[in-house]
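K.L.:
My questions all concern the structure below.
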Amino acid sequence: MKPGIHESLRRPTDERPIVVLHGDTRELIRQLPDDTFQCAVTSPPYWGVRDYGVKHQIGAEPDLHAYVKDLVDIFREVRRVLKPDGTFWLNIGNTYTSGGRKWRDDDEKNKGRGMSYRPPTPPGLKKKDLIGIAWLLALECQKDGWYLRNDIIWYKPNCQPESVRDRFTVSHEYLFLFSKSEHYLFDQEAIKERTADGNGVKNRRTVWSINTEPCPEAHFAVFPRALVRPCLLAGSRSNDLVLDPFYGAGTVGIVAKELGRRCVGIEIKDEFIAIADKRTSSVQASLIPLV
Ligand SMILES: C[S@@+](CC[C@H](N)C(=O)[O-])C[C@H]1O[C@@H](n2cnc3c(N)ncnc32)[C@H](O)[C@@H]1O
């Protein structure tokens with residue numbers, strides 16, 4: 001750790017439960033100390049889908065494997081900064097090859113989706129192929145040392161319609177649960193669900209039906225809070241430190257505050273940090289005491 005730099009990365013305190021670090025996560029995460037966070041939850045930029053308009057953004061790599069490598073490298077650092085019994089919850093969806101188009105049109109319903117280029121079709125794939133990038137990334141993370149523990153299907157009943165004629169409209173993404181070690185903190189009781197007859201509870205299942213949540217201030221998809229809540233409830237305790245290396249509009253910070261956790265977010269775009277600050281400051285901190 002370089003002297004001087006870590007000192008400026010203030011840790012969240014009881015009075016200030018959220019700290020946002022502004023910059024490239026590749027640089028900043030290296031300056032965080034080992035074995036610090038109980039859990040990490042994140043949704044990285046998808047490959048070639050959205051232009052955030054900043055230098056060093058992840059997702060704009062022309063090559064698919066360079067994108068996967070960038071993320072595996074960042075997530076290796078996530079593993080280093082997690083406590084030995086920590087977990088990592090990674091939300092990612094699949095994408096298609098471009099079908100020959102060289103750009104992505106502006107999308108009226110989904111502002112900011114326009115991309116000035118479409119990445120070329122990766123070698124070995126064809127136009128219109130489903131890339132399977134979510135699983136590609138998950139398996140590379142597993143090879144890199146993570147324990148891959150669950151692939152949760154996030155089913156979106158209110159998904160965006162697609163004007164496709166020769167395949168189904170995609171209405172799900174993945175949430176992968178990884179652990180740093182074989183044994184880890186997982187509060188099964190905190191996330192049990194009701195049995196069908198309503199008389200009891202059972203272990204939560206791996207298909208989660210959750211509507212997307214609009215965030216009028218941000219022109220990109222934010223996490224629905226209901227997706228983050230089970231991750232923090234199962235993967236951390238009151239006052240634990242959680243990390244989101246692609247913080248965006250700060251949904252992990254919001255849920256952390258609601259549940260009485262402390263949070264560090266890393267975000268490259270200052271406008272998004274301002275949005276996140278506004279969103280988190282209006283959240284009522286949890287009734288769970290931060291001690
Ligand atoms: C899908 S969004 C995350 C949204 C977030 N889950 C939320 O609920 O608001 C991905 C974020 O990663 C940020 N990002 C892209 N490249 C980055 C980098 N190299 N370092 C840090 N943040 C980056 C983008 O600016 C964007 O805010």
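Ordering of the structure tokens sets the chain letters (A, B, ...), residue numbers begin anew at 1 in every chain, and ligands are numbered from 1 in the order given.
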Got a sec: who's within 12 Å of Glu61 of chain A, counting only C-alpha atoms, leaving out chain neighbours fewer than 4 positions off, as a list in words?

P.N.:
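Once the adjacent positions are removed, what remains is Pro45, Tyr46, Trp47, Gly48, Val49, Arg50, Asp51, Lys55, His56, Gln57, His65, Ala66, Tyr67, Val68, Lys69, Asp70, Leu71, Tyr117, Arg118, Pro119, Pro120 and Pro122 of chain A.
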
K.L.:
For the residues selected in the previous step, produce a file with C-alpha atoms as a JSON list (two decimals), in the first residue's frame.

P.N.:
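Once everything was written out, this is selection.json:
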```json
[["chain", "number", "residue", "atom", "x", "y", "z"],
["A", 45, "PRO", "CA", -20.88, -2.08, -16.80],
["A", 46, "TYR", "CA", -21.93, -4.61, -19.43],
["A", 47, "TRP", "CA", -19.72, -5.11, -22.46],
["A", 48, "GLY", "CA", -20.35, -2.62, -25.28],
["A", 49, "VAL", "CA", -23.82, -1.70, -24.04],
["A", 50, "ARG", "CA", -23.57, 1.77, -22.54],
["A", 51, "ASP", "CA", -21.19, 4.66, -22.99],
["A", 55, "LYS", "CA", -11.89, 7.72, -19.82],
["A", 56, "HIS", "CA", -10.88, 4.33, -18.37],
["A", 57, "GLN", "CA", -14.47, 3.13, -18.19],
["A", 65, "HIS", "CA", -11.60, -11.32, -23.50],
["A", 66, "ALA", "CA", -9.96, -8.03, -22.50],
["A", 67, "TYR", "CA", -13.25, -7.06, -20.82],
["A", 68, "VAL", "CA", -13.47, -10.37, -18.97],
["A", 69, "LYS", "CA", -9.81, -10.10, -17.93],
["A", 70, "ASP", "CA", -10.30, -6.54, -16.63],
["A", 71, "LEU", "CA", -13.19, -7.71, -14.47],
["A", 117, "TYR", "CA", -19.53, 1.82, -31.70],
["A", 118, "ARG", "CA", -20.50, -1.82, -31.31],
["A", 119, "PRO", "CA", -17.68, -4.16, -30.43],
["A", 120, "PRO", "CA", -16.77, -6.52, -33.28],
["A", 122, "PRO", "CA", -15.62, -12.05, -31.11]]
```

K.L.:
Going by DSSP on the backbone, which bits of segment 84-214 of chain A are strand (DSSP E)? Write them as a ChimeraX atom specification, please.

P.N.:
/A:84-92,147-155,172-179,193-194,201-202,207-209

K.L.:
Output N, CA and C atoms for every residue in the selection just made, as a short mmCIF file (atom, residue, chain, number, x, y, z; two decimals), in the first residue's frame.

P.N.:
```
data_model
loop_
_atom_site.label_atom_id
_atom_site.label_comp_id
_atom_site.auth_asym_id
_atom_site.auth_seq_id
_atom_site.Cartn_x
_atom_site.Cartn_y
_atom_site.Cartn_z
N PRO A 84 -11.80 -13.33 5.32
CA PRO A 84 -11.73 -14.74 4.89
C PRO A 84 -13.11 -15.39 4.80
N ASP A 85 -14.07 -14.95 5.62
CA ASP A 85 -15.41 -15.56 5.53
C ASP A 85 -16.39 -14.66 4.76
N GLY A 86 -15.83 -13.87 3.84
CA GLY A 86 -16.66 -12.91 3.09
C GLY A 86 -17.27 -13.49 1.82
N THR A 87 -18.27 -12.79 1.31
CA THR A 87 -18.94 -13.23 0.07
C THR A 87 -18.99 -12.08 -0.93
N PHE A 88 -19.14 -12.47 -2.19
CA PHE A 88 -19.19 -11.51 -3.30
C PHE A 88 -20.40 -11.85 -4.15
N TRP A 89 -21.24 -10.86 -4.36
CA TRP A 89 -22.49 -11.04 -5.11
C TRP A 89 -22.39 -10.23 -6.39
N LEU A 90 -22.37 -10.91 -7.53
CA LEU A 90 -22.11 -10.27 -8.82
C LEU A 90 -23.33 -10.37 -9.72
N ASN A 91 -23.88 -9.20 -10.05
CA ASN A 91 -25.03 -9.17 -10.97
C ASN A 91 -24.53 -8.88 -12.39
N ILE A 92 -24.90 -9.74 -13.31
CA ILE A 92 -24.54 -9.52 -14.72
C ILE A 92 -25.54 -10.22 -15.64
N TYR A 147 -14.83 -19.43 -4.90
CA TYR A 147 -15.79 -20.53 -4.80
C TYR A 147 -17.09 -20.02 -5.41
N LEU A 148 -17.56 -20.68 -6.48
CA LEU A 148 -18.83 -20.27 -7.10
C LEU A 148 -19.93 -21.08 -6.41
N ARG A 149 -20.85 -20.39 -5.71
CA ARG A 149 -21.79 -21.09 -4.84
C ARG A 149 -23.23 -21.12 -5.34
N ASN A 150 -23.65 -20.10 -6.08
CA ASN A 150 -25.02 -20.09 -6.61
C ASN A 150 -25.08 -19.26 -7.89
N ASP A 151 -25.93 -19.68 -8.82
CA ASP A 151 -26.33 -18.78 -9.92
C ASP A 151 -27.80 -18.49 -9.69
N ILE A 152 -28.07 -17.28 -9.26
CA ILE A 152 -29.46 -16.88 -8.98
C ILE A 152 -30.01 -16.21 -10.23
N ILE A 153 -31.20 -16.60 -10.62
CA ILE A 153 -31.85 -15.95 -11.76
C ILE A 153 -32.65 -14.78 -11.22
N TRP A 154 -32.31 -13.60 -11.66
CA TRP A 154 -33.13 -12.43 -11.35
C TRP A 154 -34.13 -12.29 -12.49
N TYR A 155 -35.38 -12.69 -12.19
CA TYR A 155 -36.45 -12.60 -13.19
C TYR A 155 -37.12 -11.23 -13.06
N HIS A 172 -34.39 -11.94 -17.84
CA HIS A 172 -33.65 -12.30 -16.63
C HIS A 172 -32.19 -11.87 -16.74
N GLU A 173 -31.58 -11.73 -15.58
CA GLU A 173 -30.12 -11.57 -15.47
C GLU A 173 -29.65 -12.56 -14.41
N TYR A 174 -28.34 -12.63 -14.22
CA TYR A 174 -27.79 -13.51 -13.19
C TYR A 174 -27.31 -12.73 -11.98
N LEU A 175 -27.38 -13.38 -10.84
CA LEU A 175 -26.71 -12.89 -9.65
C LEU A 175 -25.88 -14.08 -9.15
N PHE A 176 -24.56 -13.97 -9.31
CA PHE A 176 -23.69 -15.07 -8.87
C PHE A 176 -23.24 -14.82 -7.43
N LEU A 177 -23.32 -15.87 -6.64
CA LEU A 177 -22.80 -15.79 -5.27
C LEU A 177 -21.45 -16.51 -5.23
N PHE A 178 -20.40 -15.77 -4.87
CA PHE A 178 -19.05 -16.33 -4.71
C PHE A 178 -18.63 -16.20 -3.25
N SER A 179 -17.77 -17.11 -2.82
CA SER A 179 -17.18 -16.93 -1.49
C SER A 179 -15.66 -16.97 -1.60
N GLU A 193 -37.89 -17.68 3.05
CA GLU A 193 -39.14 -17.22 2.44
C GLU A 193 -40.31 -18.05 2.93
N ARG A 194 -41.51 -17.53 2.75
CA ARG A 194 -42.72 -18.23 3.22
C ARG A 194 -42.98 -19.47 2.37
N VAL A 201 -41.73 -21.35 6.98
CA VAL A 201 -40.68 -20.74 6.16
C VAL A 201 -39.79 -21.84 5.58
N LYS A 202 -39.12 -21.51 4.50
CA LYS A 202 -38.21 -22.47 3.85
C LYS A 202 -36.99 -21.70 3.34
N VAL A 207 -34.60 -18.57 -7.89
CA VAL A 207 -35.20 -17.65 -8.87
C VAL A 207 -35.88 -16.54 -8.09
N TRP A 208 -35.43 -15.30 -8.31
CA TRP A 208 -35.97 -14.17 -7.57
C TRP A 208 -36.73 -13.29 -8.55
N SER A 209 -38.01 -13.08 -8.26
CA SER A 209 -38.84 -12.26 -9.14
C SER A 209 -38.89 -10.84 -8.58
#
```

K.L.:
Residues at most 8 Å from ligand 1, using only C-alpha atoms and all ligand atoms? Could they come as number ranges by chain?

P.N.:
A: 22-26, 42-46, 52, 54, 56-59, 218, 220-224, 244-252, 266-269, 272, 276

K.L.:
What's the separation between atom CA of Gly260 of chain A and atom CA of Glu27 of chain A, in Å to one decimal place?

P.N.:
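Taking atom CA of Gly260 of chain A and atom CA of Glu27 of chain A, their separation equals 28.1 Å.
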
K.L.:
Excluding same-chain residues fewer than 2 positions from Ala190 of chain A, what lies within 10 Å of it counting only C-alpha atoms, as a ChimeraX atom specification?

P.N.:
/A:186-188,192-193,203-204,230,232-235

K.L.:
Write out as a list in words each polymer residue whose atoms come within 8 Å of Leu241 of chain A, counting only C-alpha atoms; drop sequence neighbours fewer than 2 positions from it.

P.N.:
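Non-adjacent residues within range: Thr36, Phe37, Gln38, Cys39, Ser236, Asn239, Leu243, Arg261, Arg262, Cys263 and Val264 of chain A.
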
K.L.:
Could those selected residues go to a file with N, CA and C atoms, as a compact mmCIF listing (two decimals), in the first residue's frame?

P.N.:
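The resulting selection14.txt:
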```
# COMPACT_ATOMS: atom_id res chain seq x y z
N THR A 36 -10.81 -6.77 4.78
CA THR A 36 -11.50 -5.65 5.42
C THR A 36 -13.02 -5.74 5.35
N PHE A 37 -13.55 -6.19 4.22
CA PHE A 37 -15.01 -6.11 3.99
C PHE A 37 -15.65 -7.48 4.24
N GLN A 38 -16.86 -7.44 4.78
CA GLN A 38 -17.59 -8.70 5.01
C GLN A 38 -18.25 -9.18 3.71
N CYS A 39 -18.69 -8.21 2.91
CA CYS A 39 -19.30 -8.63 1.65
C CYS A 39 -19.20 -7.53 0.61
N SER A 236 -23.88 -10.25 5.54
CA SER A 236 -23.25 -9.33 6.50
C SER A 236 -24.13 -9.18 7.74
N ASN A 239 -23.58 -3.30 11.21
CA ASN A 239 -22.34 -2.52 11.31
C ASN A 239 -21.17 -3.05 10.47
N LEU A 243 -18.81 -3.44 0.28
CA LEU A 243 -18.12 -2.74 -0.81
C LEU A 243 -18.90 -2.86 -2.10
N ARG A 261 -25.60 -1.24 7.92
CA ARG A 261 -24.25 -1.64 7.53
C ARG A 261 -23.50 -0.37 7.13
N ARG A 262 -22.17 -0.46 7.07
CA ARG A 262 -21.37 0.65 6.55
C ARG A 262 -20.89 0.27 5.15
N CYS A 263 -20.67 1.26 4.31
CA CYS A 263 -20.42 0.95 2.90
C CYS A 263 -19.31 1.82 2.32
N VAL A 264 -18.48 1.20 1.49
CA VAL A 264 -17.53 1.94 0.65
C VAL A 264 -17.93 1.70 -0.80
```

K.L.:
Would you compute the distance between atom CA of Asn211 of chain A and atom CA of Ala226 of chain A? Give it in Å to one decimal.

P.N.:
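Answer for the atom CA of Asn211 of chain A to atom CA of Ala226 of chain A separation: 8.6 Å.
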
K.L.:
Quick one: distance from atom CA of Ala134 of chain A to atom CA of Asn94 of chain A in Å, one decimal?

P.N.:
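That distance, rounded to one decimal, is 5.4 Å.
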
K.L.:
For Asn158 of chain A, which residue out of A:Leu125, A:Leu139, A:Ile210, A:Leu259 is the nearest one, using only C-alpha atoms?

P.N.:
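Of A:Leu125, A:Leu139, A:Ile210, A:Leu259, the one nearest Asn158 of chain A is A:Ile210, counting only C-alpha atoms.
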
K.L.:
Step one, run DSSP on the backbone; step two, keep only residues of segment 10-198 of chain A assigned to helix (DSSP H, G or I); then write them as an MDAnalysis selection string.

P.N.:
chainID A and resid 25:31 64:81 133:143 189:191
